$ cat work_1.txt   # compact mmCIF, C-alpha atoms
# COMPACT_ATOMS: atom_id res chain seq x y z
CA MET A 17 0.00 0.00 0.00
CA LEU A 18 1.41 3.34 -1.11
CA ALA A 19 0.81 6.16 1.37
CA ARG A 20 -0.17 9.69 0.35
CA ARG A 21 2.68 12.06 1.10
CA ILE A 22 2.68 15.17 3.28
CA ILE A 23 5.48 17.44 2.11
CA PRO A 24 6.54 20.60 3.94
CA CYS A 25 8.30 23.05 1.67
CA LEU A 26 11.13 25.08 3.11
CA ASP A 27 11.61 28.24 1.08
CA VAL A 28 15.24 29.20 1.55
CA ARG A 29 16.78 32.65 1.16
CA ASP A 30 20.32 33.51 2.27
CA GLY A 31 20.57 30.24 4.18
CA LYS A 32 17.36 30.79 6.20
CA VAL A 33 13.86 29.40 5.83
CA VAL A 34 11.45 32.18 4.85
CA LYS A 35 7.77 32.47 4.04
CA GLY A 36 5.94 35.11 2.04
CA VAL A 37 2.36 35.59 0.95
CA GLN A 38 1.85 34.95 -2.76
CA PHE A 39 5.63 34.95 -3.23
CA ARG A 40 6.09 38.47 -1.83
CA ASP A 41 7.18 40.04 1.47
CA HIS A 42 9.26 37.19 2.81
CA GLU A 43 9.79 36.83 6.53
CA ILE A 44 12.37 34.61 8.25
CA VAL A 45 10.98 31.41 9.78
CA GLY A 46 14.17 29.78 11.04
CA ASP A 47 17.32 27.74 10.45
CA ILE A 48 17.25 25.11 7.66
CA ILE A 49 18.53 22.18 9.72
CA GLU A 50 16.29 22.98 12.70
CA CYS A 51 13.20 23.20 10.47
CA ALA A 52 14.13 20.03 8.57
CA LEU A 53 14.61 18.05 11.77
CA ARG A 54 11.43 19.39 13.31
CA TYR A 55 9.37 18.30 10.31
CA ARG A 56 11.10 14.92 10.18
CA ASP A 57 10.21 14.40 13.85
CA GLU A 58 6.60 15.44 13.27
CA GLY A 59 6.25 12.77 10.56
CA ALA A 60 6.81 14.62 7.29
CA ASP A 61 7.12 12.09 4.45
CA GLU A 62 9.45 14.20 2.38
CA LEU A 63 10.88 17.71 2.30
CA VAL A 64 11.31 20.23 -0.47
CA LEU A 65 14.07 22.78 -0.05
CA TYR A 66 13.58 25.64 -2.44
CA ASP A 67 16.15 28.40 -2.89
CA ILE A 68 13.62 30.99 -3.95
CA THR A 69 15.96 33.70 -5.21
CA ALA A 70 18.49 31.45 -6.99
CA SER A 71 16.70 31.53 -10.35
CA PRO A 72 15.96 35.28 -10.54
CA GLU A 73 19.50 35.99 -9.29
CA ASN A 74 20.86 33.72 -12.01
CA ARG A 75 22.75 31.33 -9.70
CA SER A 76 22.35 27.78 -8.44
CA VAL A 77 21.71 26.38 -4.99
CA ASP A 78 24.33 26.65 -2.23
CA ILE A 79 25.71 23.08 -1.93
CA SER A 80 26.87 23.40 1.68
CA TRP A 81 23.35 23.36 3.13
CA VAL A 82 22.29 20.53 0.82
CA ARG A 83 25.07 18.41 2.27
CA ASN A 84 24.26 19.42 5.85
CA VAL A 85 20.61 18.46 5.41
CA ALA A 86 21.53 15.14 3.74
CA ARG A 87 23.81 14.31 6.65
CA VAL A 88 21.13 14.60 9.35
CA ILE A 89 17.87 13.74 7.58
CA ASP A 90 16.64 10.16 7.10
CA ILE A 91 13.65 10.97 4.92
CA PRO A 92 13.82 11.97 1.25
CA PHE A 93 14.25 15.57 0.17
CA SER A 94 14.34 17.41 -3.09
CA VAL A 95 16.13 20.63 -3.93
CA ALA A 96 14.89 23.38 -6.20
CA GLY A 97 16.14 26.75 -7.32
CA GLY A 98 18.14 27.98 -10.28
CA ILE A 99 19.40 24.59 -11.45
CA ARG A 100 20.27 25.25 -15.09
CA THR A 101 23.12 22.86 -15.95
CA SER A 102 23.60 19.13 -15.53
CA GLU A 103 26.80 19.89 -13.56
CA GLN A 104 24.77 21.83 -11.00
CA ALA A 105 22.26 19.00 -10.83
CA ARG A 106 25.04 16.48 -10.32
CA ALA A 107 26.57 18.53 -7.51
CA ILE A 108 23.25 18.60 -5.65
CA LEU A 109 22.51 14.89 -6.15
CA ASP A 110 26.11 13.88 -5.32
CA ASN A 111 25.83 15.78 -2.05
CA GLY A 112 22.87 13.74 -0.93
CA ALA A 113 19.67 15.23 -2.33
CA ASP A 114 17.23 12.61 -3.59
CA LYS A 115 15.61 14.67 -6.29
CA ILE A 116 16.10 17.97 -8.04
CA SER A 117 13.27 20.15 -9.18
CA VAL A 118 13.54 22.43 -12.19
CA ASN A 119 11.14 25.18 -13.14
CA SER A 120 12.20 28.40 -14.95
CA PRO A 121 15.27 26.92 -16.73
CA ALA A 122 13.12 24.08 -18.12
CA LEU A 123 10.76 26.70 -19.55
CA GLU A 124 13.67 28.54 -21.14
CA GLN A 125 15.05 25.36 -22.65
CA PRO A 126 12.72 22.34 -22.50
CA ASP A 127 15.50 20.03 -23.81
CA PHE A 128 17.10 20.48 -20.40
CA ILE A 129 14.54 18.04 -18.98
CA ASP A 130 15.58 15.37 -21.52
CA GLU A 131 19.24 16.00 -20.77
CA LEU A 132 18.77 15.60 -17.01
CA VAL A 133 16.64 12.48 -17.43
CA SER A 134 19.18 10.84 -19.74
CA ILE A 135 21.96 11.35 -17.19
CA PHE A 136 20.24 10.86 -13.83
CA GLY A 137 17.06 8.92 -14.66
CA SER A 138 13.44 10.04 -14.44
CA GLN A 139 13.08 9.14 -10.78
CA CYS A 140 15.09 12.09 -9.51
CA ILE A 141 13.90 14.77 -11.94
CA VAL A 142 10.91 16.82 -10.77
CA VAL A 143 9.40 19.60 -12.85
CA GLY A 144 7.88 22.42 -10.82
CA VAL A 145 5.12 24.41 -12.50
CA ASP A 146 3.74 27.74 -11.29
CA SER A 147 0.30 28.30 -12.73
CA LEU A 148 -2.01 31.29 -12.47
CA GLU A 149 -5.59 31.41 -13.67
CA GLU A 150 -6.33 34.35 -15.92
CA ASP A 151 -9.33 34.79 -18.22
CA GLY A 152 -10.43 31.22 -17.57
CA GLN A 153 -7.08 29.76 -18.63
CA TYR A 154 -4.23 28.36 -16.54
CA TYR A 155 -1.02 30.07 -17.65
CA VAL A 156 2.45 28.94 -16.64
CA HIS A 157 4.52 31.65 -14.95
CA GLN A 158 8.27 32.00 -14.80
CA TYR A 159 10.79 33.54 -12.32
CA THR A 160 8.14 33.54 -9.61
CA GLY A 161 10.66 33.73 -6.74
CA LYS A 162 10.90 37.52 -7.08
CA SER A 163 7.81 39.54 -7.84
CA ASP A 164 9.57 42.09 -10.08
CA ALA A 165 11.16 39.32 -12.17
CA MET A 166 7.99 37.25 -12.62
CA VAL A 167 6.61 36.86 -16.12
CA ARG A 168 3.62 35.11 -17.60
CA THR A 169 4.59 32.68 -20.37
CA ARG A 170 2.46 31.82 -23.36
CA ARG A 171 2.30 28.23 -22.23
CA LEU A 172 -0.84 26.67 -20.85
CA MET A 173 -0.42 24.52 -17.74
CA VAL A 174 -1.91 21.38 -19.31
CA ASP A 175 0.28 21.57 -22.43
CA TRP A 176 3.40 22.10 -20.35
CA ILE A 177 2.87 19.23 -17.88
CA ILE A 178 2.14 16.84 -20.76
CA GLU A 179 5.32 17.97 -22.49
CA ALA A 180 7.36 17.63 -19.28
CA GLN A 181 6.02 14.10 -18.79
CA GLN A 182 6.85 13.18 -22.39
CA ARG A 183 10.37 14.52 -21.91
CA GLY A 184 10.82 12.10 -19.02
CA ALA A 185 10.07 14.05 -15.84
CA GLY A 186 9.46 11.71 -12.91
CA GLU A 187 7.07 13.94 -10.99
CA ILE A 188 5.20 17.22 -11.34
CA VAL A 189 4.74 19.73 -8.52
CA LEU A 190 1.89 22.00 -9.56
CA ASN A 191 1.77 25.23 -7.64
CA CYS A 192 -1.57 26.97 -8.12
CA MET A 193 -0.57 30.57 -7.54
CA ASN A 194 -4.08 31.97 -7.12
CA GLN A 195 -4.23 29.92 -3.93
CA ASP A 196 -0.65 30.30 -2.75
CA GLY A 197 -0.13 31.55 0.79
CA VAL A 198 -3.77 32.50 1.32
CA ARG A 199 -4.84 29.23 3.01
CA LYS A 200 -8.21 28.96 1.30
CA GLY A 201 -7.67 25.38 0.11
CA TYR A 202 -5.96 23.69 -2.81
CA ASP A 203 -7.24 24.34 -6.32
CA THR A 204 -8.82 20.89 -6.66
CA ASN A 205 -10.36 21.70 -10.06
CA GLN A 206 -7.06 22.60 -11.61
CA LEU A 207 -5.28 19.72 -9.90
CA SER A 208 -7.93 17.21 -11.05
CA LEU A 209 -7.44 18.47 -14.58
CA ALA A 210 -3.68 18.07 -14.28
CA ARG A 211 -4.04 14.63 -12.72
CA SER A 212 -6.19 13.43 -15.63
CA LYS A 213 -3.31 14.18 -18.02
CA LEU A 214 -0.51 12.41 -16.12
CA THR A 215 0.81 8.91 -15.56
CA ILE A 216 3.60 10.23 -13.31
CA PRO A 217 3.01 11.34 -9.70
CA LEU A 218 1.44 14.78 -9.17
CA ILE A 219 2.08 16.86 -6.05
CA ALA A 220 -0.37 19.61 -5.11
CA SER A 221 0.96 22.97 -3.96
CA GLY A 222 -0.63 26.26 -2.94
CA GLY A 223 -3.51 27.01 -0.65
CA ALA A 224 -3.34 24.62 2.31
CA GLY A 225 -4.91 26.21 5.37
CA ALA A 226 -6.80 23.46 7.20
CA VAL A 227 -6.90 19.69 7.61
CA LEU A 228 -10.00 19.57 5.42
CA HIS A 229 -8.02 21.04 2.50
CA PHE A 230 -5.64 18.08 2.54
CA LYS A 231 -8.53 15.62 2.71
CA ASP A 232 -10.21 17.38 -0.23
CA VAL A 233 -7.15 17.43 -2.44
CA PHE A 234 -6.42 13.74 -1.90
CA GLU A 235 -10.03 12.67 -2.34
CA GLN A 236 -11.05 15.04 -5.13
CA ALA A 237 -7.84 15.45 -7.14
CA ASP A 238 -6.26 12.07 -6.31
CA VAL A 239 -2.78 13.60 -5.98
CA SER A 240 0.17 11.54 -4.72
CA GLY A 241 1.25 14.19 -2.26
CA ALA A 242 0.35 17.57 -0.84
CA LEU A 243 2.92 20.27 -0.30
CA ALA A 244 2.51 23.16 2.11
CA ALA A 245 4.65 25.74 3.84
CA SER A 246 3.04 28.43 5.97
CA VAL A 247 0.56 26.21 7.83
CA PHE A 248 3.47 24.10 9.03
CA HIS A 249 5.90 26.97 9.65
CA LYS A 250 3.37 28.85 11.74
CA ASN A 251 2.11 25.77 13.60
CA VAL A 252 -1.41 26.21 12.26
CA ILE A 253 -1.35 22.48 11.54
CA ASN A 254 0.79 19.86 13.26
CA ILE A 255 1.90 17.21 10.76
CA GLN A 256 1.38 14.31 13.14
CA ASP A 257 -2.18 15.41 13.97
CA LEU A 258 -2.87 16.01 10.28
CA LYS A 259 -1.74 12.52 9.29
CA GLN A 260 -3.78 10.93 12.07
CA GLU A 261 -6.91 12.77 10.97
CA LEU A 262 -6.38 11.87 7.31
CA ALA A 263 -5.79 8.22 8.26
CA SER A 264 -9.03 8.21 10.24
CA CYS A 265 -10.77 9.40 7.02
CA GLY A 266 -9.48 6.25 5.33
CA LEU A 267 -6.58 7.81 3.45
CA PRO A 268 -3.41 5.71 3.42
CA MET A 269 -0.82 7.45 5.57
CA ARG A 270 2.60 6.39 6.79
CA ARG A 271 2.59 5.85 10.54
CA MET B 151 40.05 -1.44 6.92
CA SER B 152 36.58 0.07 7.07
CA ASP B 153 33.54 -1.92 8.17
CA VAL B 154 32.07 -1.66 4.68
CA THR B 155 33.20 -0.69 1.20
CA LEU B 156 30.88 1.12 -1.20
CA VAL B 157 31.31 0.37 -4.87
CA ASP B 158 31.37 3.75 -6.62
CA MET B 159 29.81 3.43 -10.08
CA ASN B 160 29.72 7.23 -10.68
CA CYS B 161 26.01 6.72 -10.34
CA GLY B 162 24.70 9.26 -7.88
CA ASN B 163 23.56 9.38 -4.30
CA ILE B 164 26.43 7.41 -2.78
CA ALA B 165 26.81 10.28 -0.29
CA SER B 166 23.39 9.78 1.27
CA VAL B 167 24.19 6.09 1.90
CA GLU B 168 27.48 7.15 3.48
CA PHE B 169 25.68 9.63 5.70
CA ALA B 170 23.26 6.90 6.81
CA LEU B 171 26.17 4.60 7.67
CA GLY B 172 27.78 7.48 9.52
CA ARG B 173 24.62 7.97 11.61
CA LEU B 174 24.96 4.30 12.61
CA GLY B 175 28.62 4.74 13.53
CA VAL B 176 29.75 2.42 10.71
CA SER B 177 33.10 3.21 9.08
CA HIS B 178 33.04 3.14 5.30
CA GLN B 179 35.17 3.75 2.22
CA ARG B 180 34.63 3.90 -1.51
CA THR B 181 36.26 1.84 -4.20
CA GLN B 182 36.38 1.79 -7.97
CA SER B 183 38.80 -1.13 -8.24
CA ALA B 184 38.61 -4.91 -8.31
CA ASP B 185 41.32 -5.02 -5.62
CA GLY B 186 39.18 -2.78 -3.43
CA ILE B 187 36.29 -5.21 -3.81
CA LEU B 188 38.50 -8.21 -3.05
CA ALA B 189 39.85 -6.58 0.12
CA ALA B 190 36.48 -5.39 1.46
CA LYS B 191 34.95 -6.82 4.64
CA LYS B 192 31.46 -6.10 3.33
CA LEU B 193 30.24 -4.52 0.13
CA ILE B 194 27.43 -2.13 -0.70
CA LEU B 195 26.46 -1.43 -4.30
CA PRO B 196 24.39 1.75 -4.18
CA GLY B 197 22.99 3.39 -7.25
CA VAL B 198 20.37 5.55 -8.82
CA GLY B 199 20.04 6.18 -12.53
CA THR B 200 19.65 3.62 -15.27
CA ALA B 201 20.69 -0.04 -15.34
CA SER B 202 22.35 0.29 -18.74
CA PHE B 203 24.48 3.25 -17.60
CA ALA B 204 25.42 1.49 -14.35
CA MET B 205 26.44 -1.75 -16.12
CA GLU B 206 28.47 0.28 -18.60
CA GLN B 207 30.30 1.83 -15.65
CA LEU B 208 30.94 -1.56 -14.02
CA HIS B 209 32.36 -2.90 -17.30
CA ARG B 210 34.46 0.21 -17.88
CA LEU B 211 35.90 -0.02 -14.35
CA ASP B 212 36.41 -3.78 -14.83
CA LEU B 213 34.39 -4.63 -11.70
CA VAL B 214 31.91 -7.16 -13.11
CA VAL B 215 34.02 -10.27 -12.48
CA ALA B 216 35.08 -9.06 -9.04
CA LEU B 217 31.46 -8.52 -8.01
CA ARG B 218 30.37 -11.89 -9.43
CA ASN B 219 33.14 -13.61 -7.46
CA ALA B 220 32.65 -11.69 -4.22
CA THR B 221 32.20 -13.95 -1.20
CA GLN B 222 31.68 -11.23 1.42
CA PRO B 223 28.17 -10.05 2.29
CA LEU B 224 27.12 -7.81 -0.59
CA MET B 225 24.08 -5.53 -0.52
CA GLY B 226 22.68 -3.84 -3.60
CA ILE B 227 20.56 -0.77 -2.89
CA CYS B 228 17.81 0.45 -5.22
CA LEU B 229 19.34 0.23 -8.73
CA GLY B 230 22.14 -1.76 -7.08
CA MET B 231 19.62 -4.46 -6.14
CA GLN B 232 18.29 -4.59 -9.70
CA LEU B 233 21.83 -5.12 -11.03
CA LEU B 234 22.09 -8.33 -8.97
CA TYR B 235 19.59 -10.08 -11.29
CA GLU B 236 20.27 -11.61 -14.69
CA PHE B 237 18.74 -9.01 -16.94
CA SER B 238 17.06 -5.61 -16.85
CA GLU B 239 14.51 -4.28 -19.29
CA GLU B 240 15.90 -0.81 -18.55
CA GLY B 241 18.10 -0.51 -21.62
CA ASP B 242 17.78 -4.29 -22.21
CA VAL B 243 21.03 -5.00 -20.47
CA GLU B 244 22.63 -8.13 -19.06
CA CYS B 245 23.32 -7.59 -15.36
CA LEU B 246 25.46 -9.35 -12.75
CA GLY B 247 23.41 -12.54 -12.63
CA LEU B 248 24.04 -13.21 -8.94
CA LEU B 249 20.29 -13.80 -8.55
CA LYS B 250 17.86 -15.57 -10.86
CA GLY B 251 15.28 -13.45 -12.60
CA ARG B 252 14.60 -10.42 -14.73
CA VAL B 253 13.95 -6.81 -13.79
CA GLU B 254 10.88 -5.59 -15.64
CA ARG B 255 9.26 -2.23 -16.34
CA ILE B 256 6.28 -1.21 -14.21
CA ASN B 257 3.63 -0.14 -16.69
CA GLY B 258 2.34 3.26 -15.62
CA SER B 259 -1.22 4.47 -16.01
CA GLN B 260 -3.34 7.23 -14.61
CA GLU B 261 -4.40 4.86 -11.80
CA LEU B 262 -0.85 3.62 -11.21
CA PRO B 263 1.59 6.51 -11.56
CA VAL B 264 5.15 5.51 -12.42
CA PRO B 265 7.75 5.94 -10.95
CA HIS B 266 6.48 4.13 -7.86
CA MET B 267 7.45 7.00 -5.60
CA GLY B 268 6.78 7.28 -1.90
CA TRP B 269 6.29 5.24 1.26
CA SER B 270 4.85 1.76 0.72
CA THR B 271 4.20 -1.12 3.10
CA LEU B 272 6.47 -4.15 3.18
CA ASP B 273 5.06 -7.68 2.96
CA LEU B 274 7.38 -9.96 4.89
CA LEU B 275 7.82 -13.27 3.05
CA GLN B 276 10.65 -14.98 4.96
CA SER B 277 10.08 -14.96 8.68
CA GLY B 278 13.33 -15.27 10.55
CA ALA B 279 15.58 -13.91 7.79
CA ALA B 280 18.48 -12.11 9.45
CA VAL B 281 18.04 -9.08 7.19
CA LEU B 282 14.45 -8.66 8.48
CA SER B 283 15.35 -8.59 12.18
CA GLY B 284 13.33 -5.85 13.88
CA ILE B 285 11.21 -5.23 10.75
CA ALA B 286 7.46 -5.87 10.97
CA ASP B 287 4.88 -6.69 8.33
CA ASN B 288 3.35 -3.48 6.94
CA ASP B 289 6.26 -1.28 8.02
CA PHE B 290 6.67 1.60 5.57
CA ALA B 291 9.76 2.16 3.44
CA TYR B 292 10.58 4.83 0.85
CA PHE B 293 10.60 3.60 -2.76
CA VAL B 294 11.53 5.34 -5.99
CA HIS B 295 11.68 3.09 -9.04
CA SER B 296 10.18 2.52 -12.48
CA PHE B 297 11.50 -1.02 -12.93
CA ALA B 298 10.82 -3.85 -10.50
CA CYS B 299 12.66 -6.92 -9.24
CA PRO B 300 10.80 -10.24 -9.38
CA VAL B 301 9.39 -12.06 -6.37
CA THR B 302 11.25 -15.37 -6.15
CA PRO B 303 11.90 -17.91 -3.35
CA GLU B 304 14.89 -15.70 -2.44
CA THR B 305 12.70 -12.64 -1.82
CA SER B 306 12.59 -11.78 1.89
CA ALA B 307 10.05 -8.97 1.60
CA GLY B 308 7.83 -7.79 -1.20
CA VAL B 309 5.96 -4.62 -2.01
CA ASP B 310 2.71 -4.42 -3.90
CA TYR B 311 2.59 -1.87 -6.69
CA GLY B 312 0.16 -2.99 -9.35
CA ARG B 313 1.67 -6.41 -8.83
CA PRO B 314 3.99 -7.99 -6.26
CA CYS B 315 7.54 -6.66 -6.58
CA GLY B 316 10.73 -7.55 -4.72
CA ALA B 317 11.62 -5.19 -1.85
CA ILE B 318 14.29 -7.08 0.10
CA VAL B 319 16.18 -10.15 -1.11
CA SER B 320 18.68 -12.44 0.61
CA ALA B 321 20.46 -15.39 -0.96
CA GLY B 322 23.74 -16.65 0.50
CA ASN B 323 26.07 -13.67 0.71
CA VAL B 324 23.94 -11.59 -1.65
CA TYR B 325 21.39 -9.07 -0.32
CA GLY B 326 19.32 -6.40 -1.95
CA CYS B 327 17.04 -3.59 -0.92
CA GLN B 328 14.82 -1.94 -3.53
CA PHE B 329 13.77 0.93 -1.29
CA HIS B 330 16.19 3.56 -0.02
CA PRO B 331 17.26 2.49 3.49
CA GLU B 332 19.13 5.78 3.88
CA ARG B 333 15.82 7.62 3.39
CA SER B 334 13.45 5.16 5.09
CA SER B 335 13.69 6.49 8.60
CA ALA B 336 13.97 3.91 11.42
CA VAL B 337 13.00 0.98 9.15
CA GLY B 338 15.81 1.78 6.73
CA ALA B 339 18.33 2.21 9.53
CA GLN B 340 17.29 -1.20 10.88
CA VAL B 341 17.92 -2.89 7.51
CA LEU B 342 21.38 -1.34 7.32
CA LYS B 343 22.06 -2.38 10.93
CA ASN B 344 20.98 -5.93 10.12
CA PHE B 345 23.32 -6.05 7.15
CA MET B 346 26.19 -4.69 9.20
CA SER B 347 25.50 -7.27 11.94
CA LEU B 348 25.93 -10.21 9.54
CA PRO B 349 29.08 -12.25 10.15
CA CYS B 350 31.79 -11.44 7.60

$ encode --input "work_1.txt" --output "structure tokens"
Amino acid sequence: MLARRIIPCLDVRDGKVVKGVQFRDHEIVGDIIECALRYRDEGADELVLYDITASPENRSVDISWVRNVARVIDIPFSVAGGIRTSEQARAILDNGADKISVNSPALEQPDFIDELVSIFGSQCIVVGVDSLEEDGQYYVHQYTGKSDAMVRTRRLMVDWIIEAQQRGAGEIVLNCMNQDGVRKGYDTNQLSLARSKLTIPLIASGGAGAVLHFKDVFEQADVSGALAASVFHKNVINIQDLKQELASCGLPMRR
Amino acid sequence: MSDVTLVDMNCGNIASVEFALGRLGVSHQRTQSADGILAAKKLILPGVGTASFAMEQLHRLDLVVALRNATQPLMGICLGMQLLYEFSEEGDVECLGLLKGRVERINGSQELPVPHMGWSTLDLLQSGAAVLSGIADNDFAYFVHSFACPVTPETSAGVDYGRPCGAIVSAGNVYGCQFHPERSSAVGAQVLKNFMSLPC
């Protein structure tokens, strides 16, 4: 039996975990290792560490904290942020990360997904997608880590996730930006649509504010995992309590 | 001489296995040579990536014969376990052949996303196997794979993903673990401990 995954996302800036509302106005939450260990102890199934300013600042992730996290953590974690060459990807994976997630650079050069997959295998290549609903369409956005750098692409979410899957991506994290940071619930309509197009795992992101939101996204959108940040950082929801409640609703959860 | 030698196939994620061994207080070293394999007390063959790339590396480094002739306890992890079998559909490549059977693709669908990624329950098949000490039926372990090992009489624990797949194998000095023990919390640490407790 495969359990649904609860995935806290640690947005990292200058070596600290931060959290903003709709990608703006970031405040410091704490130290990376402390946060990672706390979530591990609370029963997180996986962690995402996202260097939010790496891509807009045109640099890759700082390897030293990747290695420090890998040394202490005994659950899987993926690393995202400004990975634009296979050498950078290798450095992150060689230092103990389980997966890397690419977003803006894959939009710039979609062949990059194929290149990464051919070298490292599908299983460690995640494609992150930031999608915003405008005029009844879901548009993919780029450089979302910094509000003044963010741009809307011409790509539609559905077209892009299908292309990423065809290019060999092993997992999609779909961040529904209309919902991000506002804790009104996941965008189950958009996620259901995405799920219907994929044969690789889909992770929901953006909007978690209550236990019910997690139940809804698993039951209605059938996602493999649910990612959240602020509700965990601010102790609105305790991961252990969340998993117990979801298990009591009949959802498969790791004990 | 370290407690265990890791065979370095230039195939990713060896560091996270080393960190896990470090957390258990186990001393470890890497090798890329047949002499290093011969001299090892115990061997771990970790790997992520593709079977064809990994076998190419083992041939290039001239390690295939040394691994086939190894008499020390040898544990393959994730891709490393798959390489222990005769053949892999991933690149249609002949593997080490230390265990009978073929590694086959898991056919993905909307209902059964592939890779099989996440925490799945173990089905214990060999009660009393040393490698399963302290592991209980339905314990969760962290899997990431698109190709699956067969379930054979040598399979100690299976995992169900669309069909029964091999999760832990033990046959003579040869052991394998399809999930990532270094990322499977207490259950993974226990499997590594069990392997390290085997007599050399």

$ atom_distance --input "work_1.txt" --atom1 "CA of Ser94 (chain A)" --atom2 "CA of Ile219 (chain A)"
12.6 Å

$ residues_around --input "work_1.txt" --residues "Ser166 (chain B)" --least-positions-apart "5" --cutoff "8 Å" --atoms "only C-alpha atoms" --output "PyMOL selection string"
(chain A and resi 86-87+111-113) or (chain B and resi 332)

$ interface_residues --input "work_1.txt" --of "chain B" --to "chain A" --cutoff "9 Å" --atoms "all atoms listed in the file" --output "PyMOL selection string"
chain B and resi 161-170+172-173+198-200+203+258-272+288-292+294-296+309-311+330-336+338-339

$ atom_distance --input "work_1.txt" --atom1 "CA of Ser177 (chain B)" --atom2 "CA of Phe345 (chain B)"
13.6 Å

$ atom_distance --input "work_1.txt" --atom1 "CA of Thr160 (chain A)" --atom2 "CA of Ala70 (chain A)"
10.9 Å

$ residues_around --input "work_1.txt" --residues "Ser208 (chain A)" --least-positions-apart "5" --cutoff "9 Å" --atoms "all atoms listed in the file" --output "list in words"
Asp203, Lys213, Val233, Gln236, Ala237, Asp238 and Val239 of chain A

$ residues_near_point --input "work_1.txt" --point "(14.8, 23.8, -3.4)" --cutoff "6 Å" --atoms "only C-alpha atoms" --output "list in words"
Val64, Leu65, Tyr66, Asp67, Val95, Ala96 and Gly97 of chain A

$ closest_residue --input "work_1.txt" --among "A:Ile178, A:Ala220, A:Val145, A:Ala60" --to "Leu243 (chain A)" --atoms "only C-alpha atoms"
A:Ala220

$ residues_around --input "work_1.txt" --residues "Ala224 (chain A)" --least-positions-apart "4" --cutoff "12 Å" --atoms "all atoms listed in the file" --output "ChimeraX atom specification"
/A:22-25,191-204,220,228-233,242-248,252-253,258

$ residues_around --input "work_1.txt" --residues "Cys299 (chain B)" --least-positions-apart "2" --cutoff "6 Å" --atoms "all atoms listed in the file" --output "CSV table (one decimal) with C-alpha atoms, in the frame of the given file"
chain,number,residue,atom,x,y,z
B,253,VAL,CA,14.0,-6.8,-13.8
B,315,CYS,CA,7.5,-6.7,-6.6
B,316,GLY,CA,10.7,-7.6,-4.7

$ residues_around --input "work_1.txt" --residues "Glu236 (chain B)" --least-positions-apart "4" --cutoff "12 Å" --atoms "only C-alpha atoms" --output "MDAnalysis selection string"
chainID B and resid 201 205 218 231:232 242:254 299:300

$ closest_residue --input "work_1.txt" --among "A:Thr101, A:Ser163, A:Ser147, A:Ser117" --to "Leu207 (chain A)" --atoms "only C-alpha atoms"
A:Ser147

$ build_atoms --input "work_1.txt" --residues "region 234-246 of chain B" --atoms "N, CA and C atoms" --output "compact mmCIF listing (two decimals), in the coordinates of the input"
# COMPACT_ATOMS: atom_id res chain seq x y z
N LEU B 234 21.74 -6.99 -9.45
CA LEU B 234 22.09 -8.33 -8.97
C LEU B 234 21.43 -9.42 -9.81
N TYR B 235 20.34 -9.08 -10.52
CA TYR B 235 19.59 -10.08 -11.29
C TYR B 235 20.26 -10.32 -12.65
N GLU B 236 19.63 -11.21 -13.44
CA GLU B 236 20.27 -11.61 -14.69
C GLU B 236 20.17 -10.56 -15.79
N PHE B 237 19.04 -9.85 -15.78
CA PHE B 237 18.74 -9.01 -16.94
C PHE B 237 17.82 -7.88 -16.51
N SER B 238 17.99 -6.71 -17.10
CA SER B 238 17.06 -5.61 -16.85
C SER B 238 16.48 -5.09 -18.15
N GLU B 239 15.18 -4.88 -18.13
CA GLU B 239 14.51 -4.28 -19.29
C GLU B 239 14.89 -2.81 -19.46
N GLU B 240 15.52 -2.22 -18.45
CA GLU B 240 15.90 -0.81 -18.55
C GLU B 240 17.16 -0.71 -19.41
N GLY B 241 16.98 -0.51 -20.68
CA GLY B 241 18.10 -0.51 -21.62
C GLY B 241 18.42 -1.90 -22.13
N ASP B 242 17.58 -2.89 -21.80
CA ASP B 242 17.78 -4.29 -22.21
C ASP B 242 19.22 -4.72 -22.02
N VAL B 243 19.63 -4.78 -20.76
CA VAL B 243 21.03 -5.00 -20.47
C VAL B 243 21.21 -6.24 -19.59
N GLU B 244 22.26 -7.00 -19.91
CA GLU B 244 22.63 -8.13 -19.06
C GLU B 244 23.25 -7.58 -17.78
N CYS B 245 22.81 -8.10 -16.63
CA CYS B 245 23.32 -7.59 -15.36
C CYS B 245 24.26 -8.60 -14.72
N LEU B 246 24.42 -8.54 -13.39
CA LEU B 246 25.46 -9.35 -12.75
C LEU B 246 25.09 -10.83 -12.66
